[in-house]
>>> print(open('target_32.cif').read())   # mmCIF, C-alpha atoms
data_protein
loop_
_atom_site.label_atom_id
_atom_site.label_comp_id
_atom_site.auth_asym_id
_atom_site.auth_seq_id
_atom_site.Cartn_x
_atom_site.Cartn_y
_atom_site.Cartn_z
CA MET X 237 11.41 -15.45 -11.13
CA SER X 238 10.59 -14.26 -7.64
CA SER X 239 14.12 -13.11 -6.79
CA ILE X 240 14.79 -11.15 -10.01
CA SER X 241 13.64 -7.61 -10.71
CA GLY X 242 14.15 -5.08 -13.49
CA THR X 243 14.19 -5.09 -17.29
CA LEU X 244 17.52 -3.55 -18.29
CA PHE X 245 18.95 -2.81 -14.84
CA ARG X 246 18.34 -6.25 -13.38
CA VAL X 247 18.98 -7.41 -9.82
CA SER X 248 18.87 -10.96 -8.50
CA THR X 249 19.22 -11.35 -4.74
CA PHE X 250 20.25 -14.51 -2.91
CA GLY X 251 20.79 -15.88 0.58
CA GLU X 252 18.90 -16.47 3.83
CA SER X 253 19.00 -14.61 7.13
CA HIS X 254 20.83 -17.43 8.94
CA GLY X 255 22.79 -18.90 6.04
CA PRO X 256 26.45 -18.22 5.19
CA GLY X 257 25.65 -14.87 3.58
CA VAL X 258 23.37 -12.74 1.42
CA GLY X 259 23.98 -10.74 -1.72
CA VAL X 260 23.00 -9.64 -5.18
CA ILE X 261 23.95 -10.02 -8.81
CA LEU X 262 23.45 -6.78 -10.72
CA ASP X 263 23.25 -7.09 -14.50
CA GLY X 264 22.96 -4.13 -16.88
CA CYS X 265 25.16 -1.59 -15.15
CA PRO X 266 26.67 0.63 -17.88
CA PRO X 267 30.42 0.02 -18.34
CA GLY X 268 33.07 2.48 -17.29
CA PHE X 269 31.13 4.03 -14.43
CA ALA X 270 33.32 4.95 -11.45
CA ILE X 271 31.69 3.37 -8.41
CA ASN X 272 32.27 4.93 -5.01
CA LEU X 273 32.71 1.81 -2.87
CA ASP X 274 32.80 3.80 0.36
CA GLU X 275 29.35 5.17 -0.45
CA LEU X 276 28.05 1.63 -1.02
CA GLN X 277 29.29 0.60 2.42
CA GLN X 278 27.76 3.71 3.97
CA GLU X 279 24.34 2.71 2.65
CA LEU X 280 24.72 -0.76 4.18
CA ASN X 281 25.78 0.82 7.47
CA ARG X 282 22.52 2.79 7.56
CA ARG X 283 20.58 -0.45 7.08
CA LYS X 284 22.57 -2.83 9.31
CA PRO X 285 21.31 -4.14 12.67
CA GLY X 286 22.63 -3.11 16.07
CA GLN X 287 22.72 0.63 15.32
CA SER X 288 21.01 1.65 18.54
CA HIS X 289 18.64 0.48 21.29
CA LEU X 290 15.78 1.11 18.83
CA THR X 291 16.91 -1.75 16.59
CA THR X 292 17.65 -5.45 16.89
CA ALA X 293 20.66 -6.35 19.01
CA ARG X 294 22.07 -8.62 16.29
CA GLN X 295 25.63 -7.47 15.58
CA GLU X 296 26.64 -7.68 11.94
CA PRO X 297 29.44 -5.64 10.31
CA ASP X 298 27.74 -6.10 6.92
CA SER X 299 31.06 -5.63 5.15
CA LEU X 300 30.50 -5.63 1.40
CA GLU X 301 32.56 -7.87 -0.87
CA ILE X 302 32.69 -7.19 -4.64
CA LEU X 303 33.14 -10.54 -6.35
CA SER X 304 32.96 -9.55 -10.01
CA GLY X 305 32.09 -6.86 -12.54
CA VAL X 306 34.33 -4.09 -11.17
CA PHE X 307 37.98 -3.42 -12.02
CA GLU X 308 40.05 -0.53 -10.70
CA GLY X 309 36.90 1.04 -9.27
CA LYS X 310 34.96 1.07 -12.54
CA SER X 311 32.11 -1.12 -13.79
CA LEU X 312 33.02 -3.54 -16.58
CA GLY X 313 29.53 -3.84 -18.03
CA THR X 314 29.45 -7.47 -16.94
CA PRO X 315 27.39 -8.77 -13.99
CA ILE X 316 28.40 -7.21 -10.67
CA ALA X 317 28.25 -9.78 -7.87
CA MET X 318 28.22 -8.41 -4.30
CA MET X 319 28.01 -10.32 -1.04
CA VAL X 320 27.83 -9.79 2.72
CA ARG X 321 28.70 -12.69 5.00
CA ASN X 322 26.52 -13.44 8.02
CA VAL X 323 28.55 -13.36 11.23
CA ASP X 324 26.16 -13.17 14.18
CA ASN X 325 23.54 -15.70 13.08
CA ARG X 326 22.33 -17.69 16.09
CA SER X 327 20.21 -20.42 14.57
CA GLN X 328 19.95 -22.21 17.92
CA ASP X 329 17.63 -19.43 19.14
CA TYR X 330 14.94 -20.80 16.82
CA GLN X 331 15.36 -24.50 17.50
CA SER X 332 12.79 -24.73 20.33
CA PHE X 333 9.96 -23.57 18.05
CA ALA X 334 11.27 -24.82 14.69
CA GLN X 335 8.05 -26.76 14.00
CA ILE X 336 5.70 -23.91 14.95
CA TYR X 337 4.28 -21.39 12.49
CA ARG X 338 5.01 -17.96 13.93
CA PRO X 339 1.98 -15.61 13.75
CA SER X 340 2.12 -13.05 10.91
CA HIS X 341 5.39 -14.53 9.60
CA ALA X 342 5.95 -16.31 6.29
CA ASP X 343 6.61 -19.69 7.94
CA PHE X 344 3.26 -21.22 6.95
CA THR X 345 2.99 -19.64 3.49
CA TYR X 346 6.52 -20.70 2.49
CA HIS X 347 5.78 -24.22 3.71
CA ALA X 348 2.47 -24.25 1.81
CA LYS X 349 4.20 -23.10 -1.38
CA TYR X 350 7.38 -25.19 -1.36
CA GLY X 351 6.61 -28.05 1.05
CA HIS X 352 9.94 -27.36 2.71
CA ARG X 353 11.36 -24.40 4.61
CA THR X 354 14.17 -23.22 6.84
CA PRO X 355 13.06 -22.85 10.46
CA HIS X 356 15.99 -20.57 11.26
CA GLY X 357 14.83 -16.96 11.21
CA GLY X 358 12.83 -15.64 8.32
CA GLY X 359 14.99 -17.13 5.57
CA ARG X 360 14.27 -15.29 2.33
CA ALA X 361 11.38 -13.45 4.00
CA SER X 362 13.78 -11.79 6.45
CA VAL X 363 14.68 -8.13 6.06
CA ARG X 364 18.27 -9.37 5.81
CA GLU X 365 17.52 -10.22 2.17
CA THR X 366 17.32 -6.47 1.45
CA ILE X 367 21.10 -6.12 1.81
CA GLY X 368 21.43 -7.01 -1.87
CA ARG X 369 18.86 -4.42 -2.88
CA VAL X 370 20.54 -1.72 -0.82
CA ALA X 371 23.95 -2.48 -2.38
CA ALA X 372 22.58 -2.46 -5.95
CA GLY X 373 20.42 0.57 -5.16
CA ALA X 374 23.52 2.45 -4.02
CA ILE X 375 25.05 1.98 -7.48
CA ALA X 376 21.81 3.12 -9.11
CA LYS X 377 21.81 6.15 -6.81
CA GLN X 378 25.28 7.20 -7.94
CA ILE X 379 24.45 6.87 -11.64
CA LEU X 380 21.14 8.73 -11.31
CA ARG X 381 22.80 11.52 -9.35
CA ASN X 382 25.74 11.90 -11.73
CA GLU X 383 23.83 11.63 -15.01
CA LEU X 384 20.42 13.10 -14.17
CA GLY X 385 20.85 15.03 -10.93
CA VAL X 386 18.29 12.81 -9.19
CA GLU X 387 18.21 12.70 -5.39
CA THR X 388 16.04 10.33 -3.34
CA ILE X 389 15.38 11.05 0.33
CA ALA X 390 13.21 8.89 2.59
CA TRP X 391 12.33 9.52 6.23
CA VAL X 392 10.13 8.21 9.03
CA GLU X 393 6.84 10.07 8.63
CA SER X 394 4.96 8.49 11.52
CA VAL X 395 5.29 5.89 14.27
CA GLY X 396 2.06 4.57 15.70
CA THR X 397 -0.15 7.61 16.33
CA VAL X 398 2.77 10.08 16.32
CA ASP X 399 2.80 11.95 12.99
CA SER X 400 5.60 14.29 11.89
CA GLN X 401 3.58 16.03 9.12
CA ALA X 402 6.87 16.14 7.16
CA LEU X 403 5.08 15.22 3.92
CA LYS X 404 3.78 18.79 3.85
CA LYS X 405 7.34 20.10 3.94
CA PRO X 406 9.75 17.27 2.99
CA PRO X 407 13.36 17.38 4.17
CA GLN X 408 15.91 18.99 1.87
CA THR X 409 18.89 16.87 2.91
CA ARG X 410 19.64 13.43 4.24
CA ASP X 411 21.46 15.01 7.17
CA GLN X 412 18.09 16.28 8.40
CA VAL X 413 16.82 12.68 8.36
CA ASP X 414 19.88 11.12 10.01
CA SER X 415 20.06 13.76 12.75
CA ASN X 416 18.35 11.40 15.23
CA LEU X 417 18.01 7.66 15.87
CA ILE X 418 14.46 7.34 14.52
CA ARG X 419 15.32 9.12 11.22
CA CYS X 420 12.54 11.69 11.42
CA PRO X 421 13.34 15.27 10.26
CA ASN X 422 10.89 16.77 12.77
CA GLU X 423 12.86 16.85 16.04
CA ILE X 424 9.81 17.33 18.26
CA ALA X 425 7.97 14.41 16.66
CA ALA X 426 11.19 12.35 16.69
CA LYS X 427 11.43 12.53 20.49
CA LYS X 428 7.84 11.32 20.84
CA MET X 429 8.48 8.52 18.32
CA ILE X 430 11.57 7.34 20.19
CA ALA X 431 9.63 7.30 23.46
CA LEU X 432 6.87 5.24 21.82
CA VAL X 433 9.33 2.68 20.43
CA GLU X 434 11.02 2.45 23.85
CA GLU X 435 7.62 1.89 25.46
CA ALA X 436 6.77 -0.86 22.97
CA ARG X 437 10.08 -2.59 23.60
CA SER X 438 9.68 -2.41 27.40
CA ASN X 439 6.22 -3.97 27.00
CA LYS X 440 7.69 -6.78 24.87
CA ASP X 441 5.72 -5.39 21.93
CA SER X 442 6.34 -3.64 18.61
CA VAL X 443 4.95 -0.69 16.68
CA GLY X 444 4.52 0.24 13.01
CA GLY X 445 4.24 3.47 11.05
CA THR X 446 4.84 5.15 7.71
CA ILE X 447 7.80 6.30 5.65
CA GLY X 448 7.72 9.30 3.35
CA VAL X 449 9.93 9.56 0.26
CA ILE X 450 10.65 12.38 -2.15
CA VAL X 451 12.66 12.16 -5.38
CA ARG X 452 13.88 15.47 -6.76
CA GLY X 453 15.43 16.10 -10.17
CA VAL X 454 13.49 13.42 -12.07
CA PRO X 455 13.17 14.51 -15.72
CA PRO X 456 9.81 14.23 -17.49
CA GLY X 457 9.30 11.13 -19.61
CA LEU X 458 10.29 8.22 -17.34
CA GLY X 459 7.83 5.36 -17.04
CA ASP X 460 5.47 3.69 -19.48
CA PRO X 461 1.73 3.78 -20.12
CA VAL X 462 -0.78 1.21 -18.90
CA PHE X 463 0.83 -1.84 -17.26
CA ASP X 464 4.32 -0.46 -16.56
CA LYS X 465 3.31 2.89 -15.10
CA LEU X 466 6.08 4.43 -13.04
CA GLU X 467 3.97 4.57 -9.88
CA ALA X 468 2.91 0.94 -10.44
CA GLU X 469 6.55 -0.12 -10.63
CA LEU X 470 7.37 1.92 -7.52
CA ALA X 471 4.42 0.38 -5.70
CA LYS X 472 5.50 -3.13 -6.63
CA ALA X 473 9.06 -2.47 -5.47
CA SER X 474 7.84 -0.89 -2.24
CA LEU X 475 5.43 -3.69 -1.38
CA SER X 476 8.21 -6.23 -1.95
CA ILE X 477 9.99 -4.85 1.14
CA PRO X 478 9.35 -7.03 4.20
CA ALA X 479 6.63 -5.53 6.48
CA CYS X 480 5.47 -2.99 3.87
CA LYS X 481 1.65 -3.18 3.66
CA GLY X 482 0.61 0.00 1.86
CA PHE X 483 1.66 2.51 -0.82
CA GLU X 484 0.39 5.98 -1.68
CA SER X 485 1.46 8.21 -4.57
CA GLY X 486 0.94 11.96 -4.47
CA SER X 487 -2.25 12.87 -2.63
CA GLY X 488 -2.97 9.17 -2.09
CA PHE X 489 -6.10 8.35 -0.10
CA GLU X 490 -6.41 11.93 1.13
CA GLY X 491 -7.11 12.94 -2.46
CA THR X 492 -10.39 11.04 -2.33
CA ARG X 493 -11.71 13.72 0.03
CA LEU X 494 -11.25 16.51 -2.52
CA PHE X 495 -13.16 17.82 -5.54
CA GLY X 496 -11.49 17.87 -8.93
CA SER X 497 -11.24 21.65 -8.76
CA GLN X 498 -9.15 21.25 -5.60
CA HIS X 499 -7.10 18.31 -6.78
CA ASN X 500 -6.07 19.23 -10.33
CA ASP X 501 -2.46 20.36 -10.80
CA GLU X 502 -2.48 23.52 -12.94
CA PHE X 503 0.41 23.83 -15.39
CA ILE X 504 2.67 26.89 -15.32
CA PRO X 505 5.85 27.75 -17.29
CA ALA X 506 8.96 26.43 -15.60
CA ALA X 507 10.86 29.08 -13.65
CA ASP X 508 14.10 27.36 -14.67
CA PRO X 509 13.63 25.34 -17.91
CA HIS X 510 17.04 23.71 -17.54
CA LYS X 511 16.13 22.00 -14.25
CA HIS X 512 13.85 19.58 -16.07
CA GLY X 513 16.26 18.49 -18.76
CA PRO X 514 16.36 19.21 -22.51
CA THR X 515 15.03 22.47 -23.84
CA ALA X 516 16.24 22.44 -27.44
CA GLU X 517 14.15 20.62 -30.05
CA LEU X 518 11.69 19.43 -27.45
CA PRO X 519 8.35 18.20 -28.82
CA ALA X 520 6.62 19.86 -25.85
CA PRO X 521 7.30 22.94 -23.69
CA VAL X 522 9.01 22.63 -20.32
CA LEU X 523 6.44 23.04 -17.56
CA GLU X 524 5.86 22.88 -13.84
CA THR X 525 2.65 22.46 -11.89
CA ARG X 526 1.31 24.91 -9.34
CA THR X 527 0.54 22.06 -6.94
CA ASN X 528 1.77 18.47 -6.86
CA MET X 529 -1.24 16.32 -6.04
CA SER X 530 -0.07 13.91 -8.74
CA GLY X 531 3.17 13.27 -6.90
CA GLY X 532 5.30 13.91 -9.97
CA ILE X 533 3.64 11.21 -12.08
CA GLN X 534 0.78 11.59 -14.57
CA GLY X 535 -0.46 8.85 -16.84
CA GLY X 536 2.22 6.62 -15.36
CA ILE X 537 4.99 8.91 -16.67
CA SER X 538 7.12 11.39 -14.69
CA ASN X 539 6.21 15.04 -15.34
CA GLY X 540 9.37 16.66 -13.92
CA MET X 541 7.92 17.55 -10.53
CA PRO X 542 9.23 15.82 -7.39
CA ILE X 543 7.97 12.27 -6.94
CA LEU X 544 6.28 12.08 -3.55
CA CYS X 545 5.06 8.84 -1.94
CA ARG X 546 4.21 7.32 1.43
CA LEU X 547 4.65 3.69 2.51
CA ALA X 548 2.96 1.88 5.40
CA PHE X 549 4.87 -0.64 7.54
CA LYS X 550 3.25 -3.05 9.98
CA PRO X 551 4.53 -3.70 13.51
CA THR X 552 7.32 -6.27 13.71
CA ALA X 553 5.70 -9.72 13.82
CA THR X 554 8.04 -11.28 16.38
CA ILE X 555 7.40 -10.04 19.92
CA ALA X 556 8.43 -11.47 23.27
CA GLN X 557 4.87 -12.18 24.39
CA ALA X 558 3.18 -15.58 24.49
CA LEU X 559 0.96 -16.05 21.43
CA GLY X 560 -1.30 -18.81 20.24
CA SER X 561 -0.35 -20.68 17.07
CA VAL X 562 -0.32 -24.07 15.35
CA ASN X 563 2.56 -26.46 14.70
CA GLU X 564 3.30 -28.48 11.55
CA LYS X 565 1.10 -31.31 12.86
CA GLY X 566 -1.88 -28.96 13.02
CA GLU X 567 -1.92 -28.90 16.82
CA SER X 568 -2.70 -25.77 18.81
CA VAL X 569 0.33 -24.53 20.75
CA THR X 570 1.54 -21.51 22.69
CA LEU X 571 4.54 -19.79 21.18
CA GLU X 572 7.07 -17.84 23.22
CA ALA X 573 9.38 -16.58 20.51
CA ARG X 574 13.09 -15.94 20.98
CA GLY X 575 15.60 -14.17 18.81
CA ARG X 576 16.65 -10.57 18.24
CA HIS X 577 14.19 -8.33 16.46
CA ASP X 578 13.47 -4.65 15.89
CA PRO X 579 10.70 -3.19 18.07
CA CYS X 580 10.09 -0.88 15.10
CA VAL X 581 11.37 -1.58 11.56
CA LEU X 582 11.07 2.01 10.33
CA PRO X 583 14.54 3.50 11.05
CA ARG X 584 16.31 0.70 9.17
CA ALA X 585 13.69 0.67 6.42
CA VAL X 586 14.58 4.23 5.34
CA PRO X 587 17.69 3.25 3.28
CA ILE X 588 15.82 0.23 1.90
CA VAL X 589 13.04 2.45 0.57
CA GLU X 590 15.58 4.78 -1.03
CA ALA X 591 17.31 1.81 -2.63
CA VAL X 592 14.21 0.27 -4.24
CA PHE X 593 13.10 3.67 -5.56
CA ASN X 594 16.51 4.21 -7.13
CA LEU X 595 16.46 0.73 -8.68
CA VAL X 596 13.08 1.39 -10.31
CA LEU X 597 14.12 4.83 -11.55
CA MET X 598 17.42 3.53 -12.91
CA ASP X 599 15.62 0.82 -14.88
CA ALA X 600 13.09 3.37 -16.18
CA TYR X 601 15.95 5.69 -17.18
CA LEU X 602 17.73 2.98 -19.19
CA ARG X 603 14.46 1.90 -20.80
CA GLN X 604 13.74 5.48 -21.86
CA ARG X 605 17.24 5.86 -23.32
CA ALA X 606 16.79 2.65 -25.30
CA ALA X 607 13.24 3.40 -26.51
CA VAL X 608 13.78 7.09 -27.40
CA PRO X 609 17.52 7.65 -28.07
CA GLU X 610 16.98 11.28 -29.11
CA TRP X 611 15.56 11.97 -25.65
CA TRP X 612 18.90 11.09 -24.09
CA ILE X 613 20.89 13.00 -26.72
CA ARG X 614 18.90 16.17 -26.07
CA TYR X 615 19.01 15.69 -22.30
CA LYS X 616 22.77 15.13 -22.20
CA ARG X 617 23.45 18.08 -24.50
CA ASP X 618 21.35 20.39 -22.34
CA ARG X 619 22.98 19.27 -19.07
CA GLU X 620 26.44 19.76 -20.52
CA GLY X 621 25.50 23.22 -21.78
#
>>> encode(input="target_32.cif", output="structure tokens")
Amino acid sequence: MSSISGTLFRVSTFGESHGPGVGVILDGCPPGFAINLDELQQELNRRKPGQSHLTTARQEPDSLEILSGVFEGKSLGTPIAMMVRNVDNRSQDYQSFAQIYRPSHADFTYHAKYGHRTPHGGGRASVRETIGRVAAGAIAKQILRNELGVETIAWVESVGTVDSQALKKPPQTRDQVDSNLIRCPNEIAAKKMIALVEEARSNKDSVGGTIGVIVRGVPPGLGDPVFDKLEAELAKASLSIPACKGFESGSGFEGTRLFGSQHNDEFIPAADPHKHGPTAELPAPVLETRTNMSGGIQGGISNGMPILCRLAFKPTATIAQALGSVNEKGESVTLEARGRHDPCVLPRAVPIVEAVFNLVLMDAYLRQRAAVPEWWIRYKRDREG
């Protein structure tokens, strides 16, 4: 179904942007795991609206409610239901153009598919739906960090024509990313990005850009050949985020400009064999690569090097300029949209990107444990010394 994702670590999100609330049902969380609820709320705080003048003015506390699956701070192994109630939903803002298909929105396509739609905000197509993914992703993040030492960091790589070049030297900590409002680790580029977003907002316009993401500590062996390649699953999860229009893994499109002799990642012995997981009774030696054009994934399977990707996000569709459109009767109209929207989605998209990456990696981790139990036994023994 369209609102369910994952094989063993399964999430099902629900709710609309202007309904009573939004949330997620997470099934497959291992029992007995101590969940840091404060950390879950912190992730939602990074995603919520109204953070600064660079985001939508909608004011939502986004306070997380745990409805089931957790007792005394630990997972029960049963479905975990989490919900956030909508507080500042002003449906009346959309009433004057309820019958008009907003340009570049999902109004028309949802109507074409279902024959019926909510005219209040984006409904399921709204970025508000991602609250459920961020909450579930925060649990995945904690498990991956505690059991594998995995850390996922995303950042704003570019806004419009302003490029940070951070992909060449990714940030080491999240604090570097959160040090400014735009969530770019390059302070000089960040100032230019903020100015560009402010300019777009003052012109009643919007601007897009790219987000970089690095995942360190991923052991080799996650992902599956052919149809369920790890980068294919990451791409699918990334492109399911509202406004995401492109995905690159490793060298991406820039790699097409190189010769094979420039692009191949030469193998070298690992400087620290323990950093990549099990060393005893391994069927293959523990390696690193001299370069990382592959972005940590080869043949659809992680190779132990950092996973490095870049995602493209379009400009926010709703702007405060008059635009031509068509109503439900097929008549040409002029639309002057109202409502509260981000002039640039990128700062709030950073925690969403981290969440969907962690969800994919958590599912791949559980699938690997189930398919090759000895892999997990060796890995756990090595990590515990």
>>> closest_atom_pairs(input="target_32.cif", of="stretch 324-428 of chain X", to="stretch 469-473 of chain X", cutoff="12 Å", atoms="only C-alpha atoms", output="Markdown table")
| residue | atom | partner | partner_atom | distance |
| --- | --- | --- | --- | --- |
| X:Thr366 | CA | X:Ala473 | CA | 11.5 |
| X:Arg369 | CA | X:Ala473 | CA | 10.3 |
| X:Gly373 | CA | X:Ala473 | CA | 11.8 |
>>> write_last_selection(input="target_32.cif", atoms="C-alpha atoms", output="short mmCIF file (atom, residue, chain, number, x, y, z; two decimals), in the frame of the given file")
data_model
loop_
_atom_site.label_atom_id
_atom_site.label_comp_id
_atom_site.auth_asym_id
_atom_site.auth_seq_id
_atom_site.Cartn_x
_atom_site.Cartn_y
_atom_site.Cartn_z
CA THR X 366 17.32 -6.47 1.45
CA ARG X 369 18.86 -4.42 -2.88
CA GLY X 373 20.42 0.57 -5.16
#
>>> closest_residue(input="target_32.cif", among="X:Leu602, X:Leu559, X:Val260, X:Leu384", to="X:Glu620", atoms="all atoms listed in the file")
X:Leu384
>>> closest_atom_pairs(input="target_32.cif", of="stretch 421-509 of chain X", to="stretch 531-553 of chain X", cutoff="8 Å", atoms="all atoms listed in the file", output="Markdown table")
| residue | atom | partner | partner_atom | distance |
| --- | --- | --- | --- | --- |
| X:Ser442 | CA | X:Pro551 | CA | 5.4 |
| X:Val443 | CA | X:Pro551 | CA | 4.4 |
| X:Gly444 | CA | X:Pro551 | CA | 4.0 |
| X:Gly445 | CA | X:Phe549 | CA | 5.4 |
| X:Thr446 | CA | X:Ala548 | CA | 4.4 |
| X:Ile447 | CA | X:Leu547 | CA | 5.2 |
| X:Gly448 | CA | X:Arg546 | CA | 4.5 |
| X:Val449 | CA | X:Cys545 | CA | 5.4 |
| X:Ile450 | CA | X:Leu544 | CA | 4.6 |
| X:Val451 | CA | X:Ile543 | CA | 4.9 |
| X:Arg452 | CA | X:Pro542 | CA | 4.7 |
| X:Gly453 | CA | X:Pro542 | CA | 6.8 |
| X:Val454 | CA | X:Gly540 | CA | 5.6 |
| X:Pro455 | CA | X:Gly540 | CA | 4.7 |
| X:Pro456 | CA | X:Asn539 | CA | 4.3 |
| X:Gly457 | CA | X:Ser538 | CA | 5.4 |
| X:Leu458 | CA | X:Ser538 | CA | 5.2 |
| X:Gly459 | CA | X:Ile537 | CA | 4.6 |
| X:Asp460 | CA | X:Ile537 | CA | 5.9 |
| X:Pro461 | CA | X:Gly536 | CA | 5.6 |
| X:Val462 | CA | X:Gly536 | CA | 7.1 |
| X:Asp464 | CA | X:Gly536 | CA | 7.5 |
| X:Lys465 | CA | X:Gly536 | CA | 3.9 |
| X:Leu466 | CA | X:Gly536 | CA | 5.0 |
| X:Glu467 | CA | X:Gly536 | CA | 6.1 |
| X:Ala468 | CA | X:Gly536 | CA | 7.5 |
| X:Ser474 | CA | X:Leu547 | CA | 7.3 |
| X:Ala479 | CA | X:Phe549 | CA | 5.3 |
| X:Cys480 | CA | X:Phe549 | CA | 4.4 |
| X:Lys481 | CA | X:Ala548 | CA | 5.5 |
| X:Gly482 | CA | X:Ala548 | CA | 4.6 |
| X:Phe483 | CA | X:Leu547 | CA | 4.6 |
| X:Glu484 | CA | X:Arg546 | CA | 5.1 |
| X:Ser485 | CA | X:Cys545 | CA | 4.5 |
| X:Gly486 | CA | X:Gly531 | CA | 3.5 |
| X:Ser487 | CA | X:Gly531 | CA | 6.9 |
>>> closest_residue(input="target_32.cif", among="X:Ala371, X:Lys349, X:Phe344, X:Tyr337", to="X:Val320", atoms="all atoms listed in the file")
X:Ala371
>>> atom_distance(input="target_32.cif", atom1="atom CA of X:Gly313", atom2="atom CA of X:Gly264")
6.7 Å
>>> closest_atom_pairs(input="target_32.cif", of="stretch 550-600 of chain X", to="stretch 239-258 of chain X", cutoff="8 Å", atoms="all atoms listed in the file", output="tab-separated table")
residue	atom	partner	partner_atom	distance
X:Leu595	CA	X:Phe245	CA	7.5
X:Val596	CA	X:Gly242	CA	7.3
X:Met598	CA	X:Phe245	CA	6.8
X:Asp599	CA	X:Phe245	CA	4.9
>>> atom_distance(input="target_32.cif", atom1="atom CA of X:Gly358", atom2="atom CA of X:Gly396")
24.1 Å
>>> resolve_selection(input="target_32.cif", expression="the PyMOL selection byres ((chain X and resi 422) around 10)", output="MDAnalysis selection string")
chainID X and resid 391:393 399:402 406:407 412:413 415:416 419:421 423:427
>>> closest_residue(input="target_32.cif", among="X:Val363, X:Val395, X:Leu475, X:Leu523", to="X:Ala436", atoms="all atoms listed in the file")
X:Val395
>>> closest_residue(input="target_32.cif", among="X:His341, X:Arg437, X:Arg614, X:Lys377", to="X:Arg360", atoms="only C-alpha atoms")
X:His341
